[in-house]
Structures are given as structure tokens and as C-alpha cells.
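Source file: data01.tsv. Holds: TSV, C-alpha atoms and all ligand atoms.
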chain	number	residue	atom	x	y	z
A	1	MET	CA	95.49	131.75	139.46
A	2	LYS	CA	91.86	132.87	139.35
A	3	LYS	CA	91.65	132.55	143.13
A	4	LEU	CA	94.87	134.46	143.64
A	5	ILE	CA	93.78	137.32	141.38
A	6	LEU	CA	90.47	137.61	143.23
A	7	LEU	CA	92.31	137.61	146.54
A	8	GLU	CA	94.69	140.34	145.36
A	9	LYS	CA	92.16	142.32	143.34
A	10	GLU	CA	92.85	145.55	145.25
A	11	TRP	CA	96.27	145.53	143.59
A	12	ILE	CA	94.83	145.70	140.09
A	13	PRO	CA	95.67	149.23	138.92
A	14	ARG	CA	92.85	151.12	137.24
A	15	GLY	CA	94.64	153.69	135.11
A	16	SER	CA	94.64	153.42	131.35
A	17	GLY	CA	97.52	151.28	130.09
A	18	THR	CA	98.25	149.82	133.53
A	19	SER	CA	97.92	146.16	134.43
A	20	LEU	CA	98.46	143.46	136.99
A	21	TYR	CA	101.47	141.47	135.90
A	22	ILE	CA	101.02	137.73	136.54
A	23	ARG	CA	104.06	135.48	136.51
A	24	PRO	CA	103.73	131.76	137.27
A	25	THR	CA	107.10	130.49	138.47
A	26	MET	CA	108.62	127.18	139.44
A	27	ILE	CA	111.92	126.56	141.23
A	28	ALA	CA	113.62	123.51	142.68
A	29	THR	CA	113.64	123.51	146.50
A	30	GLU	CA	115.34	120.23	147.34
A	31	PRO	CA	117.88	120.90	150.13
A	32	ALA	CA	120.77	119.33	148.23
A	33	LEU	CA	123.55	120.18	145.79
A	34	GLY	CA	123.94	118.16	142.63
A	35	VAL	CA	123.40	118.18	138.90
A	36	HIS	CA	120.20	116.20	138.52
A	37	PRO	CA	116.50	116.90	138.27
A	38	ALA	CA	115.18	117.89	141.68
A	39	HIS	CA	112.62	115.78	143.52
A	40	GLU	CA	110.97	118.79	145.13
A	41	TYR	CA	109.68	121.90	143.44
A	42	LEU	CA	107.83	125.01	144.49
A	43	PHE	CA	105.24	126.44	142.14
A	44	PHE	CA	104.16	129.99	142.92
A	45	ILE	CA	102.58	132.93	141.14
A	46	ILE	CA	103.93	136.45	141.44
A	47	VAL	CA	101.47	139.28	140.84
A	48	GLY	CA	102.33	142.95	140.83
A	49	PRO	CA	100.84	146.18	139.49
A	50	VAL	CA	102.70	147.71	136.57
A	51	GLY	CA	102.41	151.13	134.99
A	52	THR	CA	101.81	151.83	131.35
A	53	TYR	CA	104.66	150.57	129.18
A	54	TYR	CA	104.65	153.60	126.90
A	55	PRO	CA	103.96	156.64	129.13
A	56	GLU	CA	105.22	158.97	126.38
A	57	GLY	CA	103.93	157.01	123.42
A	58	PHE	CA	105.93	154.76	121.13
A	59	CYS	CA	109.64	155.39	120.84
A	60	PRO	CA	111.20	153.09	118.23
A	61	THR	CA	114.10	151.09	119.64
A	62	LYS	CA	117.58	150.44	118.27
A	63	ILE	CA	118.64	146.82	118.08
A	64	PHE	CA	122.05	145.19	117.84
A	65	VAL	CA	122.66	142.06	115.77
A	66	THR	CA	125.17	139.76	117.44
A	67	GLU	CA	127.04	137.16	115.41
A	68	GLU	CA	129.31	136.32	118.31
A	69	TYR	CA	126.84	135.11	120.95
A	70	CYS	CA	123.71	132.96	120.85
A	71	ARG	CA	121.03	132.32	123.44
A	72	SER	CA	119.72	129.01	122.16
A	73	ALA	CA	120.68	126.07	119.95
A	74	PRO	CA	118.78	123.20	118.31
A	75	GLY	CA	118.23	120.43	120.83
A	76	GLY	CA	118.42	122.88	123.74
A	77	THR	CA	115.87	124.63	125.94
A	78	GLY	CA	115.40	127.84	123.95
A	79	TYR	CA	111.70	127.13	123.44
A	80	CYS	CA	111.00	127.07	127.21
A	81	LYS	CA	110.58	130.00	129.51
A	82	ALA	CA	113.50	128.74	131.61
A	83	GLY	CA	115.84	130.86	133.73
A	84	GLY	CA	118.94	129.29	132.18
A	85	ASN	CA	118.08	130.75	128.80
A	86	TYR	CA	118.38	134.25	130.21
A	87	ALA	CA	121.79	133.51	131.72
A	88	ALA	CA	123.13	132.86	128.22
A	89	SER	CA	121.70	136.13	126.93
A	90	LEU	CA	122.83	138.67	129.53
A	91	TYR	CA	126.40	139.32	128.41
A	92	ALA	CA	125.50	140.15	124.82
A	93	GLY	CA	122.68	142.31	126.18
A	94	GLU	CA	125.17	144.33	128.23
A	95	ILE	CA	127.43	144.82	125.22
A	96	ALA	CA	124.48	146.09	123.19
A	97	LYS	CA	123.39	148.40	126.02
A	98	ASN	CA	126.89	149.86	126.41
A	99	MET	CA	126.87	150.64	122.70
A	100	GLY	CA	123.56	152.46	122.98
A	101	TYR	CA	121.20	149.71	121.79
A	102	THR	CA	118.06	148.53	123.53
A	103	GLN	CA	118.11	144.84	122.65
A	104	VAL	CA	120.11	142.11	120.97
A	105	LEU	CA	118.82	140.53	117.78
A	106	TRP	CA	119.63	136.83	118.03
A	107	LEU	CA	120.58	134.77	115.00
A	108	ASP	CA	120.49	130.98	114.65
A	109	ALA	CA	123.34	129.28	116.51
A	110	ILE	CA	124.59	127.14	113.61
A	111	GLU	CA	125.00	129.49	110.65
A	112	ARG	CA	124.59	132.81	112.52
A	113	LYS	CA	122.58	133.89	109.56
A	114	PHE	CA	118.85	133.58	110.25
A	115	VAL	CA	116.83	135.92	112.48
A	116	GLU	CA	115.45	134.24	115.61
A	117	GLU	CA	114.38	136.63	118.39
A	118	VAL	CA	115.10	140.03	119.83
A	119	GLY	CA	115.97	140.35	123.53
A	120	THR	CA	113.19	138.46	125.29
A	121	SER	CA	110.66	139.04	122.53
A	122	ASN	CA	109.70	137.52	119.22
A	123	MET	CA	110.71	139.43	116.09
A	124	PHE	CA	108.65	140.46	113.07
A	125	PHE	CA	109.67	142.11	109.79
A	126	MET	CA	107.26	143.57	107.23
A	127	ILE	CA	108.96	143.18	103.85
A	128	GLY	CA	106.86	144.35	100.93
A	129	ASP	CA	103.42	142.99	101.83
A	130	GLU	CA	104.70	139.96	103.75
A	131	LEU	CA	104.89	139.86	107.53
A	132	ILE	CA	107.69	137.48	108.45
A	133	THR	CA	108.60	135.83	111.76
A	134	ALA	CA	110.85	132.90	112.63
A	135	PRO	CA	109.26	129.41	112.59
A	136	LEU	CA	108.86	127.43	115.83
A	137	THR	CA	111.66	124.91	115.39
A	138	GLY	CA	112.70	124.56	119.02
A	139	THR	CA	115.13	127.44	119.39
A	140	ILE	CA	112.69	130.29	119.97
A	141	LEU	CA	110.04	130.93	122.59
A	142	PRO	CA	106.52	130.36	121.20
A	143	GLY	CA	105.23	133.65	122.62
A	144	VAL	CA	101.51	134.14	123.18
A	145	THR	CA	101.87	137.66	121.78
A	146	ARG	CA	103.57	136.23	118.68
A	147	ASP	CA	100.52	134.02	118.23
A	148	SER	CA	98.13	136.95	118.77
A	149	VAL	CA	100.00	139.07	116.20
A	150	ILE	CA	99.93	136.26	113.62
A	151	ARG	CA	96.23	135.60	114.09
A	152	LEU	CA	95.20	139.26	114.07
A	153	ALA	CA	97.33	140.12	111.02
A	154	LYS	CA	95.93	137.12	109.13
A	155	SER	CA	92.37	138.17	110.05
A	156	TRP	CA	93.11	141.57	108.47
A	157	GLY	CA	94.22	139.91	105.24
A	158	VAL	CA	97.95	140.41	105.79
A	159	LYS	CA	100.15	137.69	104.33
A	160	VAL	CA	101.98	136.16	107.32
A	161	SER	CA	104.92	133.80	106.89
A	162	GLU	CA	106.55	131.75	109.62
A	163	ARG	CA	109.78	131.13	107.79
A	164	ARG	CA	113.52	131.48	107.99
A	165	LEU	CA	114.68	135.01	107.22
A	166	SER	CA	118.37	135.61	106.65
A	167	MET	CA	120.22	138.80	107.52
A	168	ASP	CA	121.19	138.97	103.83
A	169	GLU	CA	117.50	139.17	102.95
A	170	VAL	CA	116.89	141.80	105.65
A	171	MET	CA	119.82	143.89	104.38
A	172	ALA	CA	118.69	143.54	100.76
A	173	ALA	CA	115.18	144.62	101.78
A	174	ILE	CA	116.57	147.65	103.62
A	175	GLY	CA	118.74	148.53	100.61
A	176	GLY	CA	115.86	148.15	98.16
A	177	GLY	CA	113.39	150.05	100.32
A	178	ALA	CA	111.15	146.99	100.82
A	179	LEU	CA	111.59	146.73	104.59
A	180	ARG	CA	108.62	148.75	105.78
A	181	GLU	CA	108.34	147.90	109.48
A	182	ALA	CA	110.00	145.86	112.17
A	183	PHE	CA	108.78	145.18	115.68
A	184	ALA	CA	109.22	142.91	118.67
A	185	SER	CA	106.31	141.17	120.43
A	186	GLY	CA	105.96	140.18	124.09
A	187	THR	CA	103.44	140.31	126.92
A	188	ALA	CA	104.73	143.40	128.74
A	189	ALA	CA	105.17	145.73	125.76
A	190	ILE	CA	102.63	144.01	123.42
A	191	VAL	CA	104.58	145.27	120.39
A	192	SER	CA	107.68	147.42	120.37
A	193	PRO	CA	108.68	149.18	117.15
A	194	VAL	CA	112.25	148.85	115.90
A	195	GLY	CA	113.61	151.99	114.22
A	196	GLN	CA	117.21	151.04	113.70
A	197	ILE	CA	119.32	147.93	113.34
A	198	TYR	CA	123.08	147.58	113.83
A	199	TYR	CA	124.73	144.90	111.72
A	200	ARG	CA	128.40	144.34	110.93
A	201	GLY	CA	129.56	147.77	112.03
A	202	LYS	CA	126.79	149.79	110.39
A	203	GLU	CA	123.51	151.32	111.51
A	204	HIS	CA	120.51	150.89	109.26
A	205	PRO	CA	117.30	152.86	109.77
A	206	ILE	CA	114.01	150.98	109.39
A	207	GLY	CA	110.80	152.65	108.27
A	208	GLY	CA	112.45	156.06	108.53
A	209	GLY	CA	113.03	155.43	112.25
A	210	LYS	CA	109.27	155.80	112.84
A	211	THR	CA	106.60	153.43	114.14
A	212	GLY	CA	104.89	151.67	111.24
A	213	PRO	CA	101.12	151.62	110.70
A	214	LEU	CA	100.78	147.84	111.16
A	215	THR	CA	102.79	147.96	114.41
A	216	GLU	CA	100.54	150.71	115.72
A	217	ARG	CA	97.35	148.97	114.63
A	218	LEU	CA	98.40	145.70	116.29
A	219	TYR	CA	99.23	147.52	119.51
A	220	ASN	CA	95.91	149.35	119.64
A	221	GLU	CA	93.86	146.30	118.73
A	222	ILE	CA	95.48	143.98	121.31
A	223	LEU	CA	95.31	146.65	124.03
A	224	GLN	CA	91.64	147.29	123.34
A	225	ILE	CA	90.84	143.57	123.37
A	226	GLN	CA	92.68	143.29	126.70
A	227	TYR	CA	90.63	146.14	128.19
A	228	GLY	CA	87.33	144.81	126.87
A	229	MET	CA	86.94	147.86	124.63
A	230	LYS	CA	86.78	145.71	121.51
A	231	ASP	CA	85.20	142.37	120.70
A	232	ASP	CA	87.43	139.40	121.37
A	233	PRO	CA	86.69	137.06	118.45
A	234	PHE	CA	89.56	134.75	119.42
A	235	GLY	CA	88.46	133.98	122.99
A	236	TRP	CA	91.61	135.38	124.56
A	237	SER	CA	89.82	137.08	127.46
A	238	MET	CA	88.54	135.35	130.55
A	239	LYS	CA	86.10	136.74	133.06
A	240	ILE	CA	87.05	135.79	136.60
A	241	ALA	CA	84.40	137.71	138.54
A	242	ASP	CA	81.22	139.68	137.88
B	301	LIG	C1	108.78	135.75	127.18
B	301	LIG	C2	109.56	135.64	125.94
B	301	LIG	C3	109.02	135.98	124.67
B	301	LIG	C4	107.63	136.58	124.52
B	301	LIG	O1	106.62	135.71	124.89
B	301	LIG	P1	105.16	136.23	125.26
B	301	LIG	O2	104.43	134.96	125.60
B	301	LIG	O3	104.61	136.91	124.06
B	301	LIG	O4	105.30	137.17	126.42
B	301	LIG	C5	109.78	135.79	123.54
B	301	LIG	N1	111.05	135.32	123.63
B	301	LIG	C6	111.61	134.99	124.81
B	301	LIG	C7	113.00	134.47	124.84
B	301	LIG	C8	110.89	135.14	126.01
B	301	LIG	O5	111.46	134.84	127.16
Same coordinates, now as C-alpha cells:
Amino acid sequence: MKKLILLEKEWIPRGSGTSLYIRPTMIATEPALGVHPAHEYLFFIIVGPVGTYYPEGFCPTKIFVTEEYCRSAPGGTGYCKAGGNYAASLYAGEIAKNMGYTQVLWLDAIERKFVEEVGTSNMFFMIGDELITAPLTGTILPGVTRDSVIRLAKSWGVKVSERRLSMDEVMAAIGGGALREAFASGTAAIVSPVGQIYYRGKEHPIGGGKTGPLTERLYNEILQIQYGMKDDPFGWSMKIAD
């Protein structure tokens, strides 16, 4: 990967907020049909310049809770970045989009009760002074951005819990005014604020539909670490050339 990036360094965009997207990929290439693990694979890395994710600043998204569909179940492959996981998620995503929502909020496959992920991102809720995200129990992707958010928030003294969070608890927190912020985390967007949530036929605003202060602080801090504008106490950056 280091060699490839050096080779393609002219493609690294220089503008603020832009980046070179790097996507390691592996596909089976055996010239055969059959349901079995392949004996031949091709590993390759796609790189491509991407523009800034928020050209007009943050715009909180609207998310759609589905109780009908699930992307991942215990014992499955939901914790891997595997193509098949996306196949299971596309239909619900289209339904959400047609109804005017940006992403689907996925619940656990068994009880359809506990928050798991949102779209292709990890999900965080700030309830009172507790930042809550789903635990890594095999059905969610252990995102690197999820890990960065947890470590940064903890280093700022925020109470972070990796625990099960039910929709009942989310709704009670919205009703009682304790749900202060919600956001998704993933490499491309870093963090993406959630301003509204659709659940059981009703829309519920979160944080007054505005981006919360913790969401904004996390975004700025991670971006500045990525650009070398801030110290990187966690060793996330790697120099590949002088
Ligand atoms: C990629 C992905 C994430 C986010 O992972 P990052 O490593 O932070 O980019 C979360 N959930 C799913 C399902 C994903 O595919």
C-alpha cells in the first residue's frame, strides 16, 4: 500500500478537506461456478481522489428505523467488510431513500429492539452525559472511526459506553429531553450528525435538528489529526515519504 501510494502520489488532491481514498479489495477469480470457497483470489487496492465530504458544512441527516429488514445476524458475517453484507442492506436503503431519509438505522435481528448500525456506519447516541454505541458482538462492523471516536471522547473525559441500547430507551430519552446528540461514524464522512429519526410512523427531531457540539468537536479533531495540524497522541498517522 505504501508503494502504491508513492507511485500514485500525483493523484493525492491538495485542497482542504480532500483526500485520496484507499480501498483494499479481494475477490475470488477461480474460473468456475460453485458454492464453495475459491482456491484463487485477487487482492488489489483501489485509490482515487475524493472531494470534501461536506462542501457546504454539516447538514444533519434524517434516518429511518427499520423493524422489517436486517443486515446481519449473530453467527453471520456482519462484522466483516464483505460484499454480501451490503446486498442484504440495499432494499431497505431504497425504501428509506424513497421516503426522504438518508440512511437506515439497523436493529438487532433477533428482537428488533436494540440499535446496531446506521447505513454503512457505526451509530452513537449522547444521552445525558453518556456516549453510547453498540458493543462488538459479531453483528456490527468494528469501524476504525468508531474506535477513534471512543478513544478521543474518553481522552476528553466523556463517559463512553459500549452497550446495548434499545429503541425504547432512545424514545424515552427523546421524550424526556435527554437525547442531546446522535451521529454516525465512518471513514469517508468521519462523523455525520443525525437530526431526525423515523420510528414506527413518527418523526422525532434530535438535538433540535442541529449538529451537536461533541459531534462537531470530534469531526474537527479527527480531521486535524489526519492533516497533521494537530498532535496525534494515538499513533494513527503514518509517514510514507519525506
Ligand atoms: C465501513 C463500515 C463501517 C465504518 O467503518 P470505518 O472503519 O469507520 O470506515 C461501519 N459499518 C459498516 C457496515 C461498514 O461497512
- Pick out the residues no farther than 8 Å from ligand LIG 301 (chain B), counting only C-alpha atoms and all ligand atoms, and list them as a PyMOL selection string. chain A and resi 78-82+85-86+117-122+140-147+185-188+190
- Item | Contact residues around stretch 170-180 of chain A with all atoms listed in the file at 12 Å, ignoring same-chain residues under 4 positions, as a VMD selection string | chain A and resid 65 113 to 115 124 to 133 164 to 166 193 to 200 202 to 215
- Query: Between atom CA of A:Gln224 and atom CA of A:Cys59, what is the distance, to one decimal in Å?
  - Reply: 19.9 Å
- So, counting all atoms listed in the file, which residue among A:Met238, A:Val50, A:Leu136, A:Leu107 is closest to A:Arg14?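 Of A:Met238, A:Val50, A:Leu136, A:Leu107, the one nearest A:Arg14, counting all atoms listed in the file, is A:Val50.
Atom to atom, atom CA of A:Leu20 and atom CA of A:Gly51 stand 8.9 Å apart.
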- Query: Given the choices A:Ile63, A:Ile45, A:Met123, A:Leu7, which gets closest to A:Ile27 if the distance is worked out from all atoms listed in the file?
  - Reply: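 Counting all atoms listed in the file, the residue closest to A:Ile27 is A:Ile45.
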Find the spatial neighbours of A:Gly100, counting all atoms listed in the file, within a cut-off of 12 Å - ignore same-chain residues fewer than 2 positions away - and output them as a PDB file with C-alpha atoms, in the coordinates of the input.
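Wrote it out as out-v2.pdb, contents follow:
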ATOM      1  CA  THR A  61     114.100 151.090 119.640  1.00  0.00           C
ATOM      2  CA  LYS A  62     117.580 150.440 118.270  1.00  0.00           C
ATOM      3  CA  ILE A  63     118.640 146.820 118.080  1.00  0.00           C
ATOM      4  CA  PHE A  64     122.050 145.190 117.840  1.00  0.00           C
ATOM      5  CA  GLY A  93     122.680 142.310 126.180  1.00  0.00           C
ATOM      6  CA  GLU A  94     125.170 144.330 128.230  1.00  0.00           C
ATOM      7  CA  ILE A  95     127.430 144.820 125.220  1.00  0.00           C
ATOM      8  CA  ALA A  96     124.480 146.090 123.190  1.00  0.00           C
ATOM      9  CA  LYS A  97     123.390 148.400 126.020  1.00  0.00           C
ATOM     10  CA  ASN A  98     126.890 149.860 126.410  1.00  0.00           C
ATOM     11  CA  THR A 102     118.060 148.530 123.530  1.00  0.00           C
ATOM     12  CA  GLN A 103     118.110 144.840 122.650  1.00  0.00           C
ATOM     13  CA  VAL A 104     120.110 142.110 120.970  1.00  0.00           C
ATOM     14  CA  GLN A 196     117.210 151.040 113.700  1.00  0.00           C
ATOM     15  CA  ILE A 197     119.320 147.930 113.340  1.00  0.00           C
ATOM     16  CA  TYR A 198     123.080 147.580 113.830  1.00  0.00           C
ATOM     17  CA  GLU A 203     123.510 151.320 111.510  1.00  0.00           C
TER      18      GLU A 203
END
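The smallest atom-to-atom distance between A:Ser19 and any of A:Val47, A:Ala32, A:Leu42, A:Val160, using only C-alpha atoms, is found for A:Val47.
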Within 12 Å of A:Lys9, counting only C-alpha atoms, which residues qualify if same-chain residues fewer than 4 places away don't, as an mmCIF file with C-alpha atoms, in the coordinates of the input?
data_model
loop_
_atom_site.group_PDB
_atom_site.id
_atom_site.type_symbol
_atom_site.label_atom_id
_atom_site.label_comp_id
_atom_site.auth_asym_id
_atom_site.auth_seq_id
_atom_site.Cartn_x
_atom_site.Cartn_y
_atom_site.Cartn_z
ATOM 1 C CA MET A 1 95.490 131.750 139.460
ATOM 2 C CA LYS A 2 91.860 132.870 139.350
ATOM 3 C CA LYS A 3 91.650 132.550 143.130
ATOM 4 C CA LEU A 4 94.870 134.460 143.640
ATOM 5 C CA ILE A 5 93.780 137.320 141.380
ATOM 6 C CA PRO A 13 95.670 149.230 138.920
ATOM 7 C CA ARG A 14 92.850 151.120 137.240
ATOM 8 C CA SER A 19 97.920 146.160 134.430
ATOM 9 C CA LEU A 20 98.460 143.460 136.990
ATOM 10 C CA TYR A 21 101.470 141.470 135.900
ATOM 11 C CA VAL A 47 101.470 139.280 140.840
ATOM 12 C CA GLY A 48 102.330 142.950 140.830
ATOM 13 C CA PRO A 49 100.840 146.180 139.490
ATOM 14 C CA ILE A 240 87.050 135.790 136.600
ATOM 15 C CA ALA A 241 84.400 137.710 138.540
#
For stretch 166-188 of chain A, where the input has fewer atoms than it should, I would like N, CA and C atoms rebuilt and written as an mmCIF file, keeping the file's coordinate frame.
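Contents of the output file selection34.cif:
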data_model
loop_
_atom_site.group_PDB
_atom_site.id
_atom_site.type_symbol
_atom_site.label_atom_id
_atom_site.label_comp_id
_atom_site.auth_asym_id
_atom_site.auth_seq_id
_atom_site.Cartn_x
_atom_site.Cartn_y
_atom_site.Cartn_z
ATOM 1 N N SER A 166 116.936 135.391 106.442
ATOM 2 C CA SER A 166 118.370 135.610 106.650
ATOM 3 C C SER A 166 118.675 137.097 106.793
ATOM 4 N N MET A 167 119.792 137.403 107.422
ATOM 5 C CA MET A 167 120.220 138.800 107.520
ATOM 6 C C MET A 167 120.513 139.359 106.131
ATOM 7 N N ASP A 168 120.977 138.506 105.214
ATOM 8 C CA ASP A 168 121.190 138.970 103.830
ATOM 9 C C ASP A 168 119.883 139.487 103.236
ATOM 10 N N GLU A 169 118.798 138.748 103.489
ATOM 11 C CA GLU A 169 117.500 139.170 102.950
ATOM 12 C C GLU A 169 117.033 140.469 103.626
ATOM 13 N N VAL A 170 117.270 140.567 104.937
ATOM 14 C CA VAL A 170 116.890 141.800 105.650
ATOM 15 C C VAL A 170 117.670 142.987 105.084
ATOM 16 N N MET A 171 118.987 142.791 104.885
ATOM 17 C CA MET A 171 119.820 143.890 104.380
ATOM 18 C C MET A 171 119.428 144.266 102.946
ATOM 19 N N ALA A 172 119.122 143.247 102.134
ATOM 20 C CA ALA A 172 118.690 143.540 100.760
ATOM 21 C C ALA A 172 117.374 144.308 100.772
ATOM 22 N N ALA A 173 116.482 143.941 101.699
ATOM 23 C CA ALA A 173 115.180 144.620 101.780
ATOM 24 C C ALA A 173 115.362 146.067 102.258
ATOM 25 N N ILE A 174 116.304 146.271 103.177
ATOM 26 C CA ILE A 174 116.570 147.650 103.620
ATOM 27 C C ILE A 174 117.140 148.449 102.439
ATOM 28 N N GLY A 175 118.112 147.855 101.743
ATOM 29 C CA GLY A 175 118.740 148.530 100.610
ATOM 30 C C GLY A 175 117.752 148.874 99.510
ATOM 31 N N GLY A 176 116.821 147.948 99.257
ATOM 32 C CA GLY A 176 115.860 148.150 98.160
ATOM 33 C C GLY A 176 114.606 148.892 98.600
ATOM 34 N N GLY A 177 114.554 149.300 99.841
ATOM 35 C CA GLY A 177 113.390 150.050 100.320
ATOM 36 C C GLY A 177 112.150 149.203 100.585
ATOM 37 N N ALA A 178 112.314 147.862 100.625
ATOM 38 C CA ALA A 178 111.150 146.990 100.820
ATOM 39 C C ALA A 178 110.850 146.705 102.285
ATOM 40 N N LEU A 179 111.819 146.997 103.163
ATOM 41 C CA LEU A 179 111.590 146.730 104.590
ATOM 42 C C LEU A 179 110.800 147.882 105.185
ATOM 43 N N ARG A 180 109.509 147.650 105.384
ATOM 44 C CA ARG A 180 108.620 148.750 105.780
ATOM 45 C C ARG A 180 108.532 148.935 107.282
ATOM 46 N N GLU A 181 108.479 147.796 108.027
ATOM 47 C CA GLU A 181 108.340 147.900 109.480
ATOM 48 C C GLU A 181 109.069 146.740 110.132
ATOM 49 N N ALA A 182 109.473 146.944 111.359
ATOM 50 C CA ALA A 182 110.000 145.860 112.170
ATOM 51 C C ALA A 182 109.556 146.107 113.607
ATOM 52 N N PHE A 183 109.196 145.022 114.279
ATOM 53 C CA PHE A 183 108.780 145.180 115.680
ATOM 54 C C PHE A 183 109.009 143.886 116.445
ATOM 55 N N ALA A 184 109.090 144.035 117.771
ATOM 56 C CA ALA A 184 109.220 142.910 118.670
ATOM 57 C C ALA A 184 107.863 142.680 119.328
ATOM 58 N N SER A 185 107.573 141.433 119.735
ATOM 59 C CA SER A 185 106.310 141.170 120.430
ATOM 60 C C SER A 185 106.572 140.427 121.729
ATOM 61 N N GLY A 186 105.848 140.826 122.782
ATOM 62 C CA GLY A 186 105.960 140.180 124.090
ATOM 63 C C GLY A 186 104.869 140.708 125.006
ATOM 64 N N THR A 187 104.570 139.968 126.048
ATOM 65 C CA THR A 187 103.440 140.310 126.920
ATOM 66 C C THR A 187 103.510 141.735 127.469
ATOM 67 N N ALA A 188 104.664 142.115 128.035
ATOM 68 C CA ALA A 188 104.730 143.400 128.740
ATOM 69 C C ALA A 188 104.528 144.583 127.804
#
